[in-house]
>>> print(open('final_31.tsv').read())   # TSV, N, CA and C atoms and all ligand atoms
chain	number	residue	atom	x	y	z
B	1	MET	N	21.28	-2.08	-61.75
B	1	MET	CA	20.07	-2.75	-61.28
B	1	MET	C	20.03	-4.19	-61.80
B	2	THR	N	19.78	-5.11	-60.91
B	2	THR	CA	19.72	-6.51	-61.31
B	2	THR	C	18.30	-7.04	-61.14
B	3	GLU	N	18.09	-8.21	-61.63
B	3	GLU	CA	16.78	-8.86	-61.53
B	3	GLU	C	16.36	-9.06	-60.08
B	4	ASN	N	17.32	-9.36	-59.23
B	4	ASN	CA	17.00	-9.73	-57.86
B	4	ASN	C	17.10	-8.57	-56.87
B	5	GLN	N	17.19	-7.38	-57.38
B	5	GLN	CA	17.29	-6.26	-56.46
B	5	GLN	C	16.06	-6.18	-55.58
B	6	SER	N	16.23	-5.66	-54.38
B	6	SER	CA	15.04	-5.38	-53.59
B	6	SER	C	14.70	-3.92	-53.80
B	7	TYR	N	13.45	-3.67	-53.97
B	7	TYR	CA	13.00	-2.33	-54.27
B	7	TYR	C	12.95	-1.48	-53.01
B	8	LYS	N	13.17	-0.18	-53.20
B	8	LYS	CA	13.12	0.73	-52.06
B	8	LYS	C	11.69	1.19	-51.80
B	9	LYS	N	10.87	1.12	-52.86
B	9	LYS	CA	9.48	1.49	-52.63
B	9	LYS	C	8.53	0.49	-53.27
B	10	CYS	N	7.35	0.44	-52.70
B	10	CYS	CA	6.33	-0.48	-53.18
B	10	CYS	C	6.04	-0.21	-54.65
B	11	GLN	N	6.00	-1.28	-55.45
B	11	GLN	CA	5.77	-1.14	-56.89
B	11	GLN	C	4.28	-1.08	-57.23
B	12	SER	N	3.48	-0.76	-56.24
B	12	SER	CA	2.05	-0.57	-56.45
B	12	SER	C	1.62	0.82	-55.99
B	13	CYS	N	2.17	1.30	-54.84
B	13	CYS	CA	1.71	2.57	-54.28
B	13	CYS	C	2.84	3.55	-53.98
B	14	ALA	N	4.07	3.17	-54.21
B	14	ALA	CA	5.24	4.04	-54.01
B	14	ALA	C	5.59	4.31	-52.55
B	15	MET	N	4.98	3.59	-51.65
B	15	MET	CA	5.36	3.75	-50.26
B	15	MET	C	6.73	3.10	-50.02
B	16	SER	N	7.48	3.66	-49.08
B	16	SER	CA	8.80	3.11	-48.77
B	16	SER	C	8.69	1.71	-48.19
B	17	ILE	N	9.48	0.78	-48.70
B	17	ILE	CA	9.51	-0.57	-48.11
B	17	ILE	C	10.94	-0.93	-47.73
B	18	LYS	N	11.68	0.09	-47.30
B	18	LYS	CA	13.05	-0.15	-46.86
B	18	LYS	C	13.07	-0.99	-45.59
B	19	LYS	N	12.07	-0.76	-44.73
B	19	LYS	CA	12.00	-1.54	-43.49
B	19	LYS	C	11.18	-2.80	-43.73
B	20	ASP	N	11.64	-3.91	-43.11
B	20	ASP	CA	10.94	-5.18	-43.29
B	20	ASP	C	9.49	-5.12	-42.83
B	21	GLU	N	9.25	-4.35	-41.76
B	21	GLU	CA	7.87	-4.31	-41.23
B	21	GLU	C	6.89	-3.66	-42.20
B	22	ASN	N	7.39	-2.95	-43.19
B	22	ASN	CA	6.49	-2.33	-44.17
B	22	ASN	C	6.25	-3.20	-45.39
B	23	LYS	N	6.97	-4.31	-45.47
B	23	LYS	CA	6.85	-5.17	-46.66
B	23	LYS	C	5.64	-6.09	-46.59
B	24	GLY	N	5.09	-6.39	-47.74
B	24	GLY	CA	4.02	-7.37	-47.80
B	24	GLY	C	4.55	-8.78	-47.65
B	25	LEU	N	3.65	-9.74	-47.58
B	25	LEU	CA	4.07	-11.14	-47.41
B	25	LEU	C	3.72	-11.98	-48.65
B	26	GLU	N	4.64	-12.86	-48.99
B	26	GLU	CA	4.37	-13.83	-50.05
B	26	GLU	C	3.53	-14.97	-49.48
B	27	ALA	N	3.02	-15.82	-50.36
B	27	ALA	CA	2.18	-16.94	-49.93
B	27	ALA	C	2.91	-17.84	-48.93
B	28	ASN	N	4.23	-17.95	-49.07
B	28	ASN	CA	5.00	-18.80	-48.15
B	28	ASN	C	5.52	-18.03	-46.93
B	29	LYS	N	4.94	-16.83	-46.69
B	29	LYS	CA	5.25	-16.01	-45.51
B	29	LYS	C	6.62	-15.36	-45.55
B	30	THR	N	7.32	-15.41	-46.68
B	30	THR	CA	8.54	-14.63	-46.79
B	30	THR	C	8.14	-13.20	-47.16
B	31	LEU	N	9.07	-12.27	-46.96
B	31	LEU	CA	8.76	-10.87	-47.24
B	31	LEU	C	8.79	-10.60	-48.74
B	32	SER	N	7.85	-9.82	-49.18
B	32	SER	CA	7.86	-9.42	-50.58
B	32	SER	C	8.95	-8.38	-50.79
B	33	MET	N	9.69	-8.49	-51.88
B	33	MET	CA	10.72	-7.51	-52.18
B	33	MET	C	10.16	-6.36	-53.01
B	34	LYS	N	8.88	-6.46	-53.36
B	34	LYS	CA	8.32	-5.50	-54.30
B	34	LYS	C	7.17	-4.67	-53.77
B	35	TYR	N	6.39	-5.27	-52.87
B	35	TYR	CA	5.14	-4.60	-52.49
B	35	TYR	C	5.03	-4.42	-50.98
B	36	CYS	N	4.26	-3.41	-50.58
B	36	CYS	CA	4.11	-3.11	-49.17
B	36	CYS	C	2.96	-3.90	-48.55
B	37	GLN	N	2.86	-3.79	-47.23
B	37	GLN	CA	1.84	-4.53	-46.48
B	37	GLN	C	0.42	-4.07	-46.80
B	38	PHE	N	0.28	-2.85	-47.29
B	38	PHE	CA	-1.06	-2.33	-47.58
B	38	PHE	C	-1.57	-2.78	-48.96
B	39	CYS	N	-0.66	-3.19	-49.81
B	39	CYS	CA	-1.03	-3.59	-51.17
B	39	CYS	C	-1.05	-5.10	-51.33
B	40	TYR	N	-0.26	-5.79	-50.54
B	40	TYR	CA	0.06	-7.17	-50.86
B	40	TYR	C	0.07	-8.03	-49.61
B	41	LYS	N	-0.59	-9.18	-49.69
B	41	LYS	CA	-0.68	-10.07	-48.53
B	41	LYS	C	-0.81	-11.50	-49.03
B	42	ASP	N	-0.05	-12.40	-48.43
B	42	ASP	CA	-0.10	-13.83	-48.77
B	42	ASP	C	0.02	-14.07	-50.28
B	43	GLY	N	0.91	-13.32	-50.91
B	43	GLY	CA	1.19	-13.55	-52.33
B	43	GLY	C	0.18	-12.96	-53.29
B	44	GLU	N	-0.76	-12.17	-52.76
B	44	GLU	CA	-1.78	-11.59	-53.65
B	44	GLU	C	-2.01	-10.12	-53.33
B	45	PHE	N	-2.46	-9.38	-54.32
B	45	PHE	CA	-2.83	-8.00	-54.06
B	45	PHE	C	-4.08	-7.98	-53.19
B	46	ILE	N	-4.09	-7.06	-52.21
B	46	ILE	CA	-5.25	-6.95	-51.33
B	46	ILE	C	-6.46	-6.42	-52.12
B	47	GLU	N	-6.19	-5.51	-53.05
B	47	GLU	CA	-7.27	-5.00	-53.90
B	47	GLU	C	-6.90	-5.26	-55.37
B	48	PRO	N	-7.14	-6.49	-55.82
B	48	PRO	CA	-6.66	-6.89	-57.16
B	48	PRO	C	-7.29	-6.09	-58.30
B	49	ASN	N	-8.47	-5.52	-58.07
B	49	ASN	CA	-9.17	-4.84	-59.16
B	49	ASN	C	-9.07	-3.33	-59.12
B	50	ILE	N	-8.28	-2.83	-58.20
B	50	ILE	CA	-8.16	-1.37	-58.11
B	50	ILE	C	-7.47	-0.82	-59.37
B	51	THR	N	-7.95	0.32	-59.83
B	51	THR	CA	-7.34	0.92	-61.02
B	51	THR	C	-6.23	1.88	-60.60
B	52	LEU	N	-5.41	2.25	-61.55
B	52	LEU	CA	-4.34	3.20	-61.27
B	52	LEU	C	-4.90	4.49	-60.71
B	53	LYS	N	-5.98	4.97	-61.30
B	53	LYS	CA	-6.57	6.22	-60.86
B	53	LYS	C	-7.07	6.12	-59.41
B	54	GLU	N	-7.71	5.01	-59.11
B	54	GLU	CA	-8.20	4.81	-57.74
B	54	GLU	C	-7.03	4.75	-56.75
B	55	MET	N	-5.98	4.08	-57.15
B	55	MET	CA	-4.80	3.98	-56.29
B	55	MET	C	-4.20	5.36	-56.06
B	56	GLN	N	-4.14	6.16	-57.11
B	56	GLN	CA	-3.57	7.50	-56.97
B	56	GLN	C	-4.42	8.36	-56.03
B	57	GLU	N	-5.73	8.24	-56.15
B	57	GLU	CA	-6.61	9.02	-55.28
B	57	GLU	C	-6.46	8.59	-53.82
B	58	LYS	N	-6.39	7.29	-53.63
B	58	LYS	CA	-6.22	6.74	-52.29
B	58	LYS	C	-4.91	7.20	-51.66
B	59	CYS	N	-3.86	7.15	-52.42
B	59	CYS	CA	-2.54	7.55	-51.93
B	59	CYS	C	-2.48	9.05	-51.67
B	60	ALA	N	-3.14	9.83	-52.51
B	60	ALA	CA	-3.16	11.28	-52.32
B	60	ALA	C	-3.81	11.63	-51.00
B	61	GLU	N	-4.91	10.97	-50.69
B	61	GLU	CA	-5.62	11.18	-49.43
B	61	GLU	C	-4.73	10.82	-48.25
B	62	PHE	N	-4.15	9.65	-48.31
B	62	PHE	CA	-3.30	9.13	-47.25
B	62	PHE	C	-2.10	10.06	-47.02
B	63	PHE	N	-1.50	10.48	-48.09
B	63	PHE	CA	-0.32	11.34	-48.05
B	63	PHE	C	-0.67	12.69	-47.41
B	64	LYS	N	-1.83	13.20	-47.76
B	64	LYS	CA	-2.28	14.50	-47.24
B	64	LYS	C	-2.46	14.43	-45.73
B	65	ILE	N	-3.00	13.31	-45.25
B	65	ILE	CA	-3.25	13.16	-43.82
B	65	ILE	C	-1.95	12.91	-43.07
B	66	GLU	N	-1.12	12.03	-43.63
B	66	GLU	CA	0.11	11.65	-42.95
B	66	GLU	C	1.18	12.73	-43.01
B	67	HIS	N	1.28	13.37	-44.14
B	67	HIS	CA	2.36	14.35	-44.34
B	67	HIS	C	1.81	15.61	-45.00
B	68	PRO	N	1.07	16.43	-44.25
B	68	PRO	CA	0.42	17.59	-44.87
B	68	PRO	C	1.40	18.56	-45.57
B	69	VAL	N	2.55	18.79	-44.94
B	69	VAL	CA	3.50	19.74	-45.54
B	69	VAL	C	4.15	19.14	-46.79
B	70	MET	N	4.60	17.91	-46.64
B	70	MET	CA	5.20	17.20	-47.78
B	70	MET	C	4.23	17.10	-48.94
B	71	SER	N	2.98	16.88	-48.60
B	71	SER	CA	1.96	16.72	-49.62
B	71	SER	C	1.83	17.97	-50.48
B	72	THR	N	1.89	19.13	-49.84
B	72	THR	CA	1.82	20.39	-50.58
B	72	THR	C	3.02	20.52	-51.53
B	73	LEU	N	4.18	20.10	-51.03
B	73	LEU	CA	5.40	20.27	-51.83
B	73	LEU	C	5.57	19.19	-52.88
B	74	PHE	N	5.34	17.95	-52.48
B	74	PHE	CA	5.69	16.83	-53.35
B	74	PHE	C	4.50	15.97	-53.77
B	75	GLY	N	3.32	16.34	-53.34
B	75	GLY	CA	2.15	15.52	-53.59
B	75	GLY	C	1.98	15.13	-55.04
B	76	LYS	N	2.06	16.11	-55.91
B	76	LYS	CA	1.84	15.87	-57.33
B	76	LYS	C	2.88	14.94	-57.92
B	77	LYS	N	4.12	15.19	-57.52
B	77	LYS	CA	5.23	14.39	-58.02
B	77	LYS	C	5.07	12.93	-57.58
B	78	TYR	N	4.68	12.78	-56.31
B	78	TYR	CA	4.48	11.44	-55.75
B	78	TYR	C	3.37	10.70	-56.49
B	79	ILE	N	2.26	11.38	-56.69
B	79	ILE	CA	1.12	10.76	-57.35
B	79	ILE	C	1.46	10.38	-58.80
B	80	THR	N	2.20	11.25	-59.47
B	80	THR	CA	2.62	10.96	-60.84
B	80	THR	C	3.55	9.75	-60.87
B	81	SER	N	4.39	9.63	-59.84
B	81	SER	CA	5.38	8.55	-59.83
B	81	SER	C	4.71	7.18	-59.72
B	82	ILE	N	3.51	7.15	-59.17
B	82	ILE	CA	2.81	5.86	-59.02
B	82	ILE	C	2.56	5.21	-60.39
B	83	ALA	N	2.23	6.03	-61.36
B	83	ALA	CA	1.92	5.51	-62.70
B	83	ALA	C	3.12	4.81	-63.35
B	84	LYS	N	4.32	5.10	-62.85
B	84	LYS	CA	5.52	4.51	-63.45
B	84	LYS	C	5.95	3.22	-62.75
B	85	LEU	N	5.24	2.82	-61.72
B	85	LEU	CA	5.62	1.63	-60.98
B	85	LEU	C	5.28	0.36	-61.76
B	86	GLU	N	5.93	-0.71	-61.35
B	86	GLU	CA	5.84	-1.97	-62.10
B	86	GLU	C	4.41	-2.50	-62.26
B	87	ARG	N	3.63	-2.36	-61.19
B	87	ARG	CA	2.27	-2.91	-61.25
B	87	ARG	C	1.46	-2.26	-62.38
B	88	TRP	N	1.74	-1.00	-62.66
B	88	TRP	CA	0.92	-0.24	-63.61
B	88	TRP	C	1.54	-0.15	-65.00
B	89	THR	N	2.73	-0.65	-65.16
B	89	THR	CA	3.39	-0.54	-66.46
B	89	THR	C	3.51	-1.89	-67.15
B	90	GLN	N	3.04	-2.95	-66.52
B	90	GLN	CA	3.17	-4.28	-67.11
B	90	GLN	C	2.13	-4.52	-68.20
B	101	ZN	ZN	1.96	-0.55	-51.67
>>> encode(input="final_31.tsv", output="structure tokens", more="lines below")
Ligand SMILES: [Zn+2]
Amino acid sequence: MTENQSYKKCQSCAMSIKKDENKGLEANKTLSMKYCQFCYKDGEFIEPNITLKEMQEKCAEFFKIEHPVMSTLFGKKYITSIAKLERWTQ
């Protein structure tokens, strides 16, 4: 792993950002290598004051609706993984 690696998942919510269309935008309109479109826009977090717990609850809800089967199997693991992301460990 190098400093300039592009991340496979958003470092705020753990959503996949492998595709460019899922990436957030920097202030200069380049794609963010770290955050998704739902967390990050124009170089800033969309919800700068959200807490880790709130983010986990939000993602749990979203995951349940989008992937009901996956959520039953991996929901807990996914939610736990959010706490280890860069935004929450700095
Ligand atoms: Zn995100």
>>> atom_distance(input="final_31.tsv", atom1="atom N of Gly24 of chain B", atom2="atom CA of Ser6 of chain B")
11.6 Å
>>> residues_near_ligand(input="final_31.tsv", ligand="ligand ZN 101 (chain B)", cutoff="6 Å", atoms="all atoms listed in the file", output="PyMOL selection string")
chain B and resi 10-15+35-40
>>> residues_around(input="final_31.tsv", residues="Glu26 of chain B", least_positions_apart="2", cutoff="6.5 Å", atoms="all atoms listed in the file", output="short mmCIF file (atom, residue, chain, number, x, y, z; two decimals) with N, CA and C atoms, in the coordinates of the input")
data_model
loop_
_atom_site.label_atom_id
_atom_site.label_comp_id
_atom_site.auth_asym_id
_atom_site.auth_seq_id
_atom_site.Cartn_x
_atom_site.Cartn_y
_atom_site.Cartn_z
N GLY B 24 5.09 -6.39 -47.74
CA GLY B 24 4.02 -7.37 -47.80
C GLY B 24 4.55 -8.78 -47.65
N ASN B 28 4.23 -17.95 -49.07
CA ASN B 28 5.00 -18.80 -48.15
C ASN B 28 5.52 -18.03 -46.93
N LYS B 29 4.94 -16.83 -46.69
CA LYS B 29 5.25 -16.01 -45.51
C LYS B 29 6.62 -15.36 -45.55
N THR B 30 7.32 -15.41 -46.68
CA THR B 30 8.54 -14.63 -46.79
C THR B 30 8.14 -13.20 -47.16
N LEU B 31 9.07 -12.27 -46.96
CA LEU B 31 8.76 -10.87 -47.24
C LEU B 31 8.79 -10.60 -48.74
N SER B 32 7.85 -9.82 -49.18
CA SER B 32 7.86 -9.42 -50.58
C SER B 32 8.95 -8.38 -50.79
N LYS B 41 -0.59 -9.18 -49.69
CA LYS B 41 -0.68 -10.07 -48.53
C LYS B 41 -0.81 -11.50 -49.03
N ASP B 42 -0.05 -12.40 -48.43
CA ASP B 42 -0.10 -13.83 -48.77
C ASP B 42 0.02 -14.07 -50.28
N GLY B 43 0.91 -13.32 -50.91
CA GLY B 43 1.19 -13.55 -52.33
C GLY B 43 0.18 -12.96 -53.29
N GLU B 44 -0.76 -12.17 -52.76
CA GLU B 44 -1.78 -11.59 -53.65
C GLU B 44 -2.01 -10.12 -53.33
#
>>> closest_residue(input="final_31.tsv", among="B:His67, B:Lys34, B:Lys77, B:Ile82", to="Lys53 of chain B", atoms="only C-alpha atoms")
B:Ile82
>>> select_by_dssp(input="final_31.tsv", residues="segment 27-90 of chain B", states="helix (DSSP H, G or I)", output="PyMOL selection string")
chain B and resi 52-66+68-82+86-89
>>> atom_distance(input="final_31.tsv", atom1="atom N of Lys18 of chain B", atom2="atom C of Ser81 of chain B")
15.9 Å
>>> atom_distance(input="final_31.tsv", atom1="atom CA of Pro68 of chain B", atom2="atom CA of Ala83 of chain B")
21.6 Å
>>> closest_residue(input="final_31.tsv", among="B:Ile17, B:Met70, B:Glu86, B:Lys58", to="Met33 of chain B", atoms="only N, CA and C atoms")
B:Ile17
>>> axis_aligned_box(input="final_31.tsv", around="segment 45-52 of chain B", padding_each_side="4 Å", output="AutoDock Vina command-line options")
--center_x -5.8 --center_y -2.4 --center_z -56.4 --size_x 14.7 --size_y 21.9 --size_z 18.2
>>> select_by_dssp(input="final_31.tsv", residues="segment 15-79 of chain B", states="strand (DSSP E or B)", output="count of residues only")
14
>>> decode(input="final_31.tsv", residues="segment 19-47 of chain B", atoms="N, CA and C atoms", output="PDB file, in the first residue's frame")
ATOM      1  N   LYS B  19     -15.981   2.275  -9.017  1.00  0.00           N
ATOM      2  CA  LYS B  19     -16.418   2.964 -10.239  1.00  0.00           C
ATOM      3  C   LYS B  19     -16.332   4.471 -10.031  1.00  0.00           C
ATOM      4  N   ASP B  20     -15.896   5.170 -11.096  1.00  0.00           N
ATOM      5  CA  ASP B  20     -15.747   6.622 -11.001  1.00  0.00           C
ATOM      6  C   ASP B  20     -17.057   7.320 -10.657  1.00  0.00           C
ATOM      7  N   GLU B  21     -18.169   6.775 -11.173  1.00  0.00           N
ATOM      8  CA  GLU B  21     -19.454   7.452 -10.928  1.00  0.00           C
ATOM      9  C   GLU B  21     -19.864   7.419  -9.455  1.00  0.00           C
ATOM     10  N   ASN B  22     -19.236   6.570  -8.669  1.00  0.00           N
ATOM     11  CA  ASN B  22     -19.564   6.518  -7.241  1.00  0.00           C
ATOM     12  C   ASN B  22     -18.658   7.395  -6.390  1.00  0.00           C
ATOM     13  N   LYS B  23     -17.645   7.971  -7.014  1.00  0.00           N
ATOM     14  CA  LYS B  23     -16.683   8.777  -6.255  1.00  0.00           C
ATOM     15  C   LYS B  23     -17.184  10.194  -6.008  1.00  0.00           C
ATOM     16  N   GLY B  24     -16.783  10.755  -4.893  1.00  0.00           N
ATOM     17  CA  GLY B  24     -17.089  12.149  -4.622  1.00  0.00           C
ATOM     18  C   GLY B  24     -16.204  13.071  -5.436  1.00  0.00           C
ATOM     19  N   LEU B  25     -16.474  14.360  -5.357  1.00  0.00           N
ATOM     20  CA  LEU B  25     -15.690  15.333  -6.124  1.00  0.00           C
ATOM     21  C   LEU B  25     -14.872  16.242  -5.203  1.00  0.00           C
ATOM     22  N   GLU B  26     -13.659  16.519  -5.637  1.00  0.00           N
ATOM     23  CA  GLU B  26     -12.829  17.503  -4.939  1.00  0.00           C
ATOM     24  C   GLU B  26     -13.274  18.906  -5.347  1.00  0.00           C
ATOM     25  N   ALA B  27     -12.758  19.907  -4.641  1.00  0.00           N
ATOM     26  CA  ALA B  27     -13.126  21.298  -4.934  1.00  0.00           C
ATOM     27  C   ALA B  27     -12.817  21.669  -6.384  1.00  0.00           C
ATOM     28  N   ASN B  28     -11.765  21.087  -6.941  1.00  0.00           N
ATOM     29  CA  ASN B  28     -11.394  21.399  -8.330  1.00  0.00           C
ATOM     30  C   ASN B  28     -12.056  20.458  -9.341  1.00  0.00           C
ATOM     31  N   LYS B  29     -13.103  19.731  -8.895  1.00  0.00           N
ATOM     32  CA  LYS B  29     -13.913  18.858  -9.749  1.00  0.00           C
ATOM     33  C   LYS B  29     -13.198  17.588 -10.191  1.00  0.00           C
ATOM     34  N   THR B  30     -12.040  17.283  -9.622  1.00  0.00           N
ATOM     35  CA  THR B  30     -11.450  15.976  -9.884  1.00  0.00           C
ATOM     36  C   THR B  30     -12.112  14.973  -8.946  1.00  0.00           C
ATOM     37  N   LEU B  31     -11.969  13.692  -9.275  1.00  0.00           N
ATOM     38  CA  LEU B  31     -12.612  12.662  -8.462  1.00  0.00           C
ATOM     39  C   LEU B  31     -11.837  12.430  -7.174  1.00  0.00           C
ATOM     40  N   SER B  32     -12.578  12.260  -6.116  1.00  0.00           N
ATOM     41  CA  SER B  32     -11.930  11.926  -4.853  1.00  0.00           C
ATOM     42  C   SER B  32     -11.480  10.475  -4.894  1.00  0.00           C
ATOM     43  N   MET B  33     -10.290  10.193  -4.386  1.00  0.00           N
ATOM     44  CA  MET B  33      -9.804   8.830  -4.350  1.00  0.00           C
ATOM     45  C   MET B  33     -10.197   8.148  -3.041  1.00  0.00           C
ATOM     46  N   LYS B  34     -10.855   8.895  -2.168  1.00  0.00           N
ATOM     47  CA  LYS B  34     -11.105   8.385  -0.829  1.00  0.00           C
ATOM     48  C   LYS B  34     -12.569   8.269  -0.443  1.00  0.00           C
ATOM     49  N   TYR B  35     -13.385   9.172  -0.984  1.00  0.00           N
ATOM     50  CA  TYR B  35     -14.765   9.251  -0.482  1.00  0.00           C
ATOM     51  C   TYR B  35     -15.783   9.141  -1.604  1.00  0.00           C
ATOM     52  N   CYS B  36     -16.981   8.670  -1.242  1.00  0.00           N
ATOM     53  CA  CYS B  36     -18.028   8.474  -2.235  1.00  0.00           C
ATOM     54  C   CYS B  36     -18.852   9.747  -2.427  1.00  0.00           C
ATOM     55  N   GLN B  37     -19.724   9.688  -3.420  1.00  0.00           N
ATOM     56  CA  GLN B  37     -20.562  10.844  -3.763  1.00  0.00           C
ATOM     57  C   GLN B  37     -21.574  11.188  -2.671  1.00  0.00           C
ATOM     58  N   PHE B  38     -21.897  10.224  -1.824  1.00  0.00           N
ATOM     59  CA  PHE B  38     -22.891  10.485  -0.780  1.00  0.00           C
ATOM     60  C   PHE B  38     -22.266  11.147   0.458  1.00  0.00           C
ATOM     61  N   CYS B  39     -20.963  11.032   0.588  1.00  0.00           N
ATOM     62  CA  CYS B  39     -20.276  11.586   1.759  1.00  0.00           C
ATOM     63  C   CYS B  39     -19.560  12.886   1.437  1.00  0.00           C
ATOM     64  N   TYR B  40     -19.173  13.053   0.191  1.00  0.00           N
ATOM     65  CA  TYR B  40     -18.180  14.066  -0.131  1.00  0.00           C
ATOM     66  C   TYR B  40     -18.533  14.783  -1.424  1.00  0.00           C
ATOM     67  N   LYS B  41     -18.468  16.111  -1.391  1.00  0.00           N
ATOM     68  CA  LYS B  41     -18.825  16.902  -2.565  1.00  0.00           C
ATOM     69  C   LYS B  41     -18.026  18.200  -2.541  1.00  0.00           C
ATOM     70  N   ASP B  42     -17.462  18.567  -3.677  1.00  0.00           N
ATOM     71  CA  ASP B  42     -16.704  19.818  -3.806  1.00  0.00           C
ATOM     72  C   ASP B  42     -15.646  19.979  -2.709  1.00  0.00           C
ATOM     73  N   GLY B  43     -14.976  18.883  -2.393  1.00  0.00           N
ATOM     74  CA  GLY B  43     -13.863  18.946  -1.440  1.00  0.00           C
ATOM     75  C   GLY B  43     -14.264  18.980   0.014  1.00  0.00           C
ATOM     76  N   GLU B  44     -15.566  18.787   0.286  1.00  0.00           N
ATOM     77  CA  GLU B  44     -16.016  18.832   1.686  1.00  0.00           C
ATOM     78  C   GLU B  44     -16.973  17.689   1.983  1.00  0.00           C
ATOM     79  N   PHE B  45     -17.032  17.307   3.244  1.00  0.00           N
ATOM     80  CA  PHE B  45     -18.018  16.319   3.636  1.00  0.00           C
ATOM     81  C   PHE B  45     -19.409  16.940   3.540  1.00  0.00           C
ATOM     82  N   ILE B  46     -20.355  16.154   3.027  1.00  0.00           N
ATOM     83  CA  ILE B  46     -21.729  16.650   2.904  1.00  0.00           C
ATOM     84  C   ILE B  46     -22.343  16.839   4.299  1.00  0.00           C
ATOM     85  N   GLU B  47     -22.006  15.932   5.214  1.00  0.00           N
ATOM     86  CA  GLU B  47     -22.481  16.071   6.595  1.00  0.00           C
ATOM     87  C   GLU B  47     -21.267  16.119   7.535  1.00  0.00           C
TER      88      GLU B  47
END
